[in-house]
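Visitor: Just so it is clear, I am handing over entry_24.tsv, which has TSV, C-alpha atoms.
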```tsv
chain	number	residue	atom	x	y	z
B	264	MET	CA	49.66	71.76	148.21
B	265	GLU	CA	52.32	69.88	146.23
B	266	SER	CA	49.67	67.55	144.76
B	267	ILE	CA	47.57	70.54	143.63
B	268	GLN	CA	50.63	72.13	142.04
B	269	HIS	CA	51.40	68.84	140.31
B	270	ILE	CA	47.86	68.68	138.88
B	271	ILE	CA	48.06	72.30	137.72
B	272	THR	CA	51.41	71.70	136.00
B	273	ASP	CA	50.18	68.56	134.22
B	274	LEU	CA	46.74	69.75	133.12
B	275	THR	CA	47.23	73.45	132.32
B	276	PRO	CA	48.77	72.71	128.88
B	277	LEU	CA	45.69	70.62	127.96
B	278	LEU	CA	43.35	73.48	128.80
B	279	GLN	CA	45.56	76.00	127.02
B	280	GLN	CA	45.56	73.87	123.88
B	281	TYR	CA	41.99	72.56	123.78
B	282	GLY	CA	40.17	74.98	126.08
B	283	TYR	CA	36.56	74.33	127.02
B	284	TYR	CA	36.28	71.37	124.63
B	285	ILE	CA	38.61	69.14	126.66
B	286	LEU	CA	36.89	70.27	129.87
B	287	ALA	CA	33.46	69.34	128.51
B	288	LEU	CA	34.64	66.01	127.10
B	289	ALA	CA	36.50	64.89	130.23
B	290	ILE	CA	33.63	65.77	132.58
B	291	ALA	CA	30.97	64.17	130.37
B	292	VAL	CA	33.01	60.98	129.87
B	293	GLU	CA	33.69	60.75	133.60
B	294	GLY	CA	29.94	60.95	134.22
B	295	MET	CA	29.46	57.93	131.94
B	296	GLY	CA	31.72	55.81	134.13
B	297	ILE	CA	34.84	56.07	131.97
B	298	PRO	CA	37.99	57.16	133.88
B	299	ALA	CA	38.92	60.73	132.96
B	300	PRO	CA	40.43	63.73	134.79
B	301	GLY	CA	37.20	65.74	134.64
B	302	GLN	CA	37.21	66.95	138.23
B	303	SER	CA	40.91	67.78	138.16
B	304	LEU	CA	40.47	69.75	134.94
B	305	LEU	CA	37.60	71.66	136.52
B	306	ILE	CA	39.78	72.68	139.48
B	307	VAL	CA	42.60	73.81	137.17
B	308	ALA	CA	40.16	75.65	134.86
B	309	SER	CA	38.70	77.43	137.90
B	310	LEU	CA	42.17	78.47	139.05
B	311	LEU	CA	43.02	79.70	135.54
B	312	ALA	CA	39.75	81.67	135.51
B	313	SER	CA	40.74	83.36	138.78
B	314	SER	CA	43.83	84.75	137.03
B	315	GLY	CA	41.86	85.86	133.96
B	316	LYS	CA	43.16	83.14	131.62
B	317	MET	CA	39.71	81.58	131.23
B	318	SER	CA	36.16	82.82	131.76
B	319	LEU	CA	34.69	81.60	135.07
B	320	PRO	CA	31.02	81.83	133.90
B	321	MET	CA	31.98	79.81	130.82
B	322	VAL	CA	33.91	77.24	132.87
B	323	LEU	CA	30.97	76.78	135.25
B	324	SER	CA	28.37	76.60	132.46
B	325	VAL	CA	30.36	74.07	130.42
B	326	ALA	CA	31.10	71.97	133.51
B	327	TRP	CA	27.48	71.94	134.75
B	328	VAL	CA	25.94	71.02	131.39
B	329	SER	CA	28.62	68.42	130.60
B	330	SER	CA	28.31	66.79	134.01
B	331	PHE	CA	24.52	66.69	133.97
B	332	ILE	CA	24.40	65.24	130.45
B	333	GLY	CA	27.25	62.78	131.07
B	334	ASN	CA	25.64	61.55	134.29
B	335	SER	CA	22.27	61.18	132.56
B	336	ILE	CA	23.80	59.17	129.72
B	337	GLY	CA	25.52	56.95	132.29
B	338	TYR	CA	22.20	56.42	134.06
B	339	PHE	CA	20.36	55.44	130.87
B	340	ILE	CA	23.22	53.13	129.85
B	341	GLY	CA	22.86	51.36	133.20
B	342	ARG	CA	19.07	51.30	132.91
B	343	GLN	CA	18.99	49.85	129.39
B	344	PHE	CA	22.16	47.75	129.25
B	345	GLY	CA	22.83	46.98	132.91
B	346	HIS	CA	22.40	43.24	132.40
B	347	ILE	CA	25.11	43.26	129.73
B	348	LEU	CA	27.49	45.32	131.86
B	349	THR	CA	27.11	43.00	134.84
B	350	LYS	CA	27.33	39.84	132.73
B	351	LYS	CA	30.58	40.95	131.11
B	352	GLU	CA	31.81	42.24	134.50
B	353	TRP	CA	32.55	45.67	133.04
B	354	ILE	CA	31.66	46.78	136.55
B	355	LYS	CA	33.29	44.48	139.09
B	356	PRO	CA	30.84	42.52	141.30
B	357	ARG	CA	32.40	44.05	144.42
B	358	THR	CA	31.87	47.58	143.07
B	359	LEU	CA	28.32	46.71	142.03
B	360	THR	CA	27.54	45.42	145.53
B	361	LYS	CA	28.87	48.64	147.06
B	362	LEU	CA	26.77	50.71	144.63
B	363	HIS	CA	23.57	48.81	145.51
B	364	GLN	CA	24.25	49.18	149.23
B	365	PHE	CA	24.98	52.88	148.77
B	366	ILE	CA	21.80	53.46	146.75
B	367	ASP	CA	19.64	51.41	149.12
B	368	HIS	CA	20.97	53.31	152.13
B	369	TYR	CA	21.06	56.88	150.80
B	370	GLY	CA	18.67	56.84	147.83
B	371	MET	CA	18.66	60.07	145.84
B	372	LEU	CA	21.06	61.74	148.27
B	373	GLY	CA	23.57	59.02	147.41
B	374	LEU	CA	24.11	60.87	144.14
B	375	VAL	CA	25.22	63.96	146.05
B	376	ILE	CA	27.40	62.10	148.53
B	377	SER	CA	28.98	59.87	145.88
B	378	ARG	CA	30.41	62.87	144.01
B	379	PHE	CA	32.96	63.09	146.80
B	380	VAL	CA	33.72	59.38	147.25
B	381	GLU	CA	36.49	57.98	145.05
B	382	GLY	CA	35.81	54.53	143.64
B	383	ILE	CA	32.05	55.03	143.71
B	384	LYS	CA	31.46	58.39	142.01
B	385	GLN	CA	32.67	57.11	138.61
B	386	PHE	CA	30.00	54.37	138.53
B	387	MET	CA	27.22	55.87	140.65
B	388	CYS	CA	25.02	57.05	137.78
B	389	ILE	CA	25.33	53.74	135.94
B	390	GLY	CA	24.57	52.01	139.25
B	391	CYS	CA	21.40	54.09	139.66
B	392	GLY	CA	20.33	52.95	136.19
B	393	ILE	CA	21.08	49.30	136.94
B	394	ALA	CA	19.12	49.62	140.21
B	395	GLN	CA	16.21	51.05	138.16
B	396	MET	CA	15.98	54.25	140.22
B	397	PRO	CA	12.89	56.22	139.04
B	398	VAL	CA	13.83	58.72	136.31
B	399	GLN	CA	12.38	61.77	138.09
B	400	LEU	CA	14.20	60.88	141.30
B	401	PHE	CA	17.47	60.45	139.43
B	402	LEU	CA	17.13	63.76	137.57
B	403	LEU	CA	16.43	65.63	140.80
B	404	GLY	CA	19.36	63.93	142.54
B	405	ASN	CA	21.58	64.57	139.53
B	406	PHE	CA	20.64	68.26	139.56
B	407	LEU	CA	21.55	68.53	143.25
B	408	ALA	CA	24.74	66.50	142.89
B	409	VAL	CA	26.07	68.48	139.92
B	410	THR	CA	25.24	71.84	141.49
B	411	ILE	CA	26.90	71.08	144.84
B	412	TRP	CA	29.88	69.44	143.12
B	413	LEU	CA	30.32	72.54	140.94
B	414	LEU	CA	30.21	74.86	143.96
B	415	VAL	CA	32.94	72.84	145.69
B	416	PHE	CA	35.29	72.16	142.77
B	417	GLY	CA	34.39	74.99	140.38
B	418	VAL	CA	33.44	78.08	142.37
B	419	ALA	CA	35.50	77.58	145.54
B	420	PRO	CA	38.94	77.22	143.86
B	421	ALA	CA	38.38	80.45	141.90
B	422	TYR	CA	37.71	82.51	145.02
B	423	LEU	CA	39.74	80.62	147.59
B	424	HIS	CA	42.85	79.85	145.54
B	425	ASP	CA	45.20	81.56	148.02
B	426	GLU	CA	43.73	79.55	150.89
B	427	LEU	CA	43.55	76.26	148.99
B	428	GLY	CA	46.56	74.73	150.77
B	429	PRO	CA	45.31	75.37	154.36
B	430	ILE	CA	41.77	74.34	153.38
B	431	LEU	CA	42.97	71.00	151.99
B	432	ALA	CA	45.14	70.45	155.08
B	433	PHE	CA	42.12	71.12	157.33
B	434	TYR	CA	39.96	68.78	155.22
B	435	HIS	CA	42.43	65.90	155.43
B	436	LYS	CA	42.75	66.36	159.19
B	437	TYR	CA	38.99	66.57	159.86
B	438	GLN	CA	37.64	64.57	156.91
B	439	MET	CA	34.92	62.71	158.82
B	440	GLN	CA	33.64	65.85	160.51
B	441	CYS	CA	33.52	67.71	157.19
B	442	TRP	CA	31.50	64.96	155.55
B	443	SER	CA	29.14	64.75	158.50
B	444	VAL	CA	28.28	68.41	157.94
B	445	VAL	CA	27.92	67.90	154.17
B	446	VAL	CA	25.62	64.90	154.62
B	447	VAL	CA	23.39	66.78	157.10
B	448	LEU	CA	23.13	69.80	154.79
B	449	ALA	CA	22.46	67.58	151.77
B	450	CYS	CA	19.72	65.72	153.67
B	451	ILE	CA	18.04	68.99	154.67
B	452	LEU	CA	18.23	70.34	151.11
B	453	GLY	CA	17.00	67.06	149.60
B	454	TRP	CA	14.12	66.83	152.07
B	455	TRP	CA	13.06	70.39	151.28
B	456	LEU	CA	13.18	69.83	147.50
B	457	VAL	CA	11.28	66.53	147.66
B	458	ARG	CA	8.62	68.10	149.86
B	459	ARG	CA	8.29	71.04	147.50
B	460	PHE	CA	8.08	68.71	144.51
B	461	LYS	CA	5.31	66.66	146.16
B	462	ARG	CA	3.33	69.77	147.04
B	463	ARG	CA	3.56	71.03	143.47
B	464	LYS	CA	2.48	67.64	142.13
B	465	ILE	CA	-0.55	67.60	144.44
B	466	SER	CA	-1.57	71.14	143.44
B	467	ILE	CA	-1.32	70.22	139.74
B	468	GLU	CA	-3.49	67.12	140.22
B	469	GLU	CA	-6.12	69.15	142.05
```
Would you mind writing the structure in this file as structure tokens?

Guide:
Amino acid sequence: MESIQHIITDLTPLLQQYGYYILALAIAVEGMGIPAPGQSLLIVASLLASSGKMSLPMVLSVAWVSSFIGNSIGYFIGRQFGHILTKKEWIKPRTLTKLHQFIDHYGMLGLVISRFVEGIKQFMCIGCGIAQMPVQLFLLGNFLAVTIWLLVFGVAPAYLHDELGPILAFYHKYQMQCWSVVVVLACILGWWLVRRFKRRKISIEE
């Protein structure tokens, strides 16, 4: 709980001074692979919204749009300029190898899972572009990733702020079990969406 309080103390003045603009900028920039406290600002903005100091619908809308756009820009940067990024080692070879392994293993669902994995989430969208992931597949994965991420770090803190300490303690104690559940749920949701998308595509072609 001390770490959360530290984040709140440090970032609240930024949100009070710049409001939704700094939230949008930080989240979008983070999606492009540039280090920024986007996720931390989202948590603090959500907590401020729970006390009436910000509007929760506005926080969620700004965060979702900024994240989706920022991730998409990161993807297209990787897709168009990936060879330059790798040549200049803007992304370290070790990180790039991890990204390729992650994408090869999880595919579209890797976008969802990576949102919760430090060291990978910042470069995942660029990595998808470098790996030439199909645009439609990326957009669907991006939609899922942003939505689930927003539920966890945007909606949950606003409604569970009093229980945030015990929840974080439980998460740190049972981290692997928590992620096993998340991965299973994400796989089920992704499978259902892909199947629905394919059915719709077939009906349109007919």

Visitor: Between atom CA of B:Phe331 and atom CA of B:Trp454, what is the distance, to one decimal in Å?

Guide: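 Atom-to-atom, atom CA of B:Phe331 to atom CA of B:Trp454, that is 20.9 Å.
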
Visitor: One number please: atom CA of B:Ile389 to atom CA of B:Gly282, in Å, one decimal.

Guide: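 A separation of 27.7 Å between them.
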
Visitor: May I ask which of the residues B:Leu359, B:Val380, B:Val457, B:Gly301 is the closest one to B:Gly404, counting all atoms listed in the file?

Guide: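 The answer is B:Val457, which sits nearest to B:Gly404.
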
Visitor: Considering all atoms listed in the file, state which residue in the set B:Tyr338, B:Phe365, B:Phe386, B:Phe344 is at the smallest distance from B:Leu400.

Guide: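 The answer is B:Tyr338, which sits nearest to B:Leu400.
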
Visitor: Could you tell me how far atom CA of B:Ser313 lies from atom CA of B:Glu293, in Å and to one decimal?

Guide: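 Distance reported for this atom pair: 24.2 Å.
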
Visitor: Which one of B:Met321, B:Cys391, B:Val398, B:Leu372 sits closest to B:Leu448 if you count only C-alpha atoms?

Guide: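 Smallest separation from B:Leu448 among the options: B:Leu372.
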
Visitor: Considering only C-alpha atoms, can you say which of B:Ser330, B:Ser318, B:Gln343, B:Ser324 comes closest to B:Gln385?

Guide: B:Ser330

Visitor: Could you put an axis-aligned box around every listed atom of stretch 322-338 of chain B, padded by 4 Å on each side, and send me its centre and edge lengths in Å to one decimal, as lines of an AutoDock Vina configuration file?

Guide:
```
center_x = 28.1
center_y = 66.8
center_z = 132.5
size_x = 19.7
size_y = 28.8
size_z = 13.5
```

Visitor: Could you list, as number ranges by chain, every residue within 12 Å of B:Gln399, counting only C-alpha atoms and ignoring same-chain residues fewer than 3 positions away?

Guide: B: 335, 338, 371, 391, 395-396, 402-406, 457, 460-461

Visitor: For B:Gln302, list every protein, DNA or RNA residue within 10 Å, evaluated using only C-alpha atoms, and leave out those in the same chain fewer than 5 positions away; present the list as a PDB file with C-alpha atoms, in the coordinates of the input.

Guide:
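Once written, selection25.pdb looks like this:
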```
ATOM      1  CA  LEU B 286      36.890  70.270 129.870  1.00  0.00           C
ATOM      2  CA  ALA B 289      36.500  64.890 130.230  1.00  0.00           C
ATOM      3  CA  ILE B 290      33.630  65.770 132.580  1.00  0.00           C
ATOM      4  CA  GLU B 293      33.690  60.750 133.600  1.00  0.00           C
ATOM      5  CA  VAL B 307      42.600  73.810 137.170  1.00  0.00           C
ATOM      6  CA  ALA B 308      40.160  75.650 134.860  1.00  0.00           C
ATOM      7  CA  ALA B 326      31.100  71.970 133.510  1.00  0.00           C
ATOM      8  CA  SER B 330      28.310  66.790 134.010  1.00  0.00           C
ATOM      9  CA  ARG B 378      30.410  62.870 144.010  1.00  0.00           C
ATOM     10  CA  TRP B 412      29.880  69.440 143.120  1.00  0.00           C
ATOM     11  CA  LEU B 413      30.320  72.540 140.940  1.00  0.00           C
ATOM     12  CA  PHE B 416      35.290  72.160 142.770  1.00  0.00           C
ATOM     13  CA  GLY B 417      34.390  74.990 140.380  1.00  0.00           C
TER      14      GLY B 417
END
```

Visitor: Of the residues B:Gly337, B:Lys355, B:Glu381, B:Ile366, which is the one nearest to B:Met295, using all atoms listed in the file?

Guide: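 Nearest to B:Met295: B:Gly337.
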
Visitor: Go through B:Gln364, B:Thr358, B:Ser329, B:Asn334 one by one, measure the shortest atom-to-atom distance of each to B:Tyr284 using all atoms listed in the file, and give the residue with the smallest value.

Guide: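 That would be B:Ser329, the residue with the smallest distance to B:Tyr284.
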
Visitor: Quick one: residues within 12 Å of stretch 274-280 of chain B, only C-alpha atoms, excluding same-chain residues fewer than 2 positions away - as a compact mmCIF listing (two decimals) with C-alpha atoms, in the coordinates of the input?

Guide:
```txt
# COMPACT_ATOMS: atom_id res chain seq x y z
CA ILE B 267 47.57 70.54 143.63
CA GLN B 268 50.63 72.13 142.04
CA HIS B 269 51.40 68.84 140.31
CA ILE B 270 47.86 68.68 138.88
CA ILE B 271 48.06 72.30 137.72
CA THR B 272 51.41 71.70 136.00
CA GLY B 282 40.17 74.98 126.08
CA TYR B 283 36.56 74.33 127.02
CA TYR B 284 36.28 71.37 124.63
CA ILE B 285 38.61 69.14 126.66
CA LEU B 286 36.89 70.27 129.87
CA ALA B 287 33.46 69.34 128.51
CA LEU B 288 34.64 66.01 127.10
CA ALA B 289 36.50 64.89 130.23
CA ALA B 299 38.92 60.73 132.96
CA PRO B 300 40.43 63.73 134.79
CA GLY B 301 37.20 65.74 134.64
CA GLN B 302 37.21 66.95 138.23
CA SER B 303 40.91 67.78 138.16
CA LEU B 304 40.47 69.75 134.94
CA LEU B 305 37.60 71.66 136.52
CA ILE B 306 39.78 72.68 139.48
CA VAL B 307 42.60 73.81 137.17
CA ALA B 308 40.16 75.65 134.86
CA SER B 309 38.70 77.43 137.90
CA LEU B 310 42.17 78.47 139.05
CA LEU B 311 43.02 79.70 135.54
CA ALA B 312 39.75 81.67 135.51
CA LYS B 316 43.16 83.14 131.62
CA MET B 317 39.71 81.58 131.23
CA VAL B 322 33.91 77.24 132.87
```

Visitor: I'd like the contact shell of stretch 360-362 of chain B - 12 Å cut-off, all atoms listed in the file, skipping same-chain residues fewer than 5 positions apart - returned as a PyMOL selection string.

Guide: chain B and resi 349+354-355+367-370+373-374+377+380+382-394
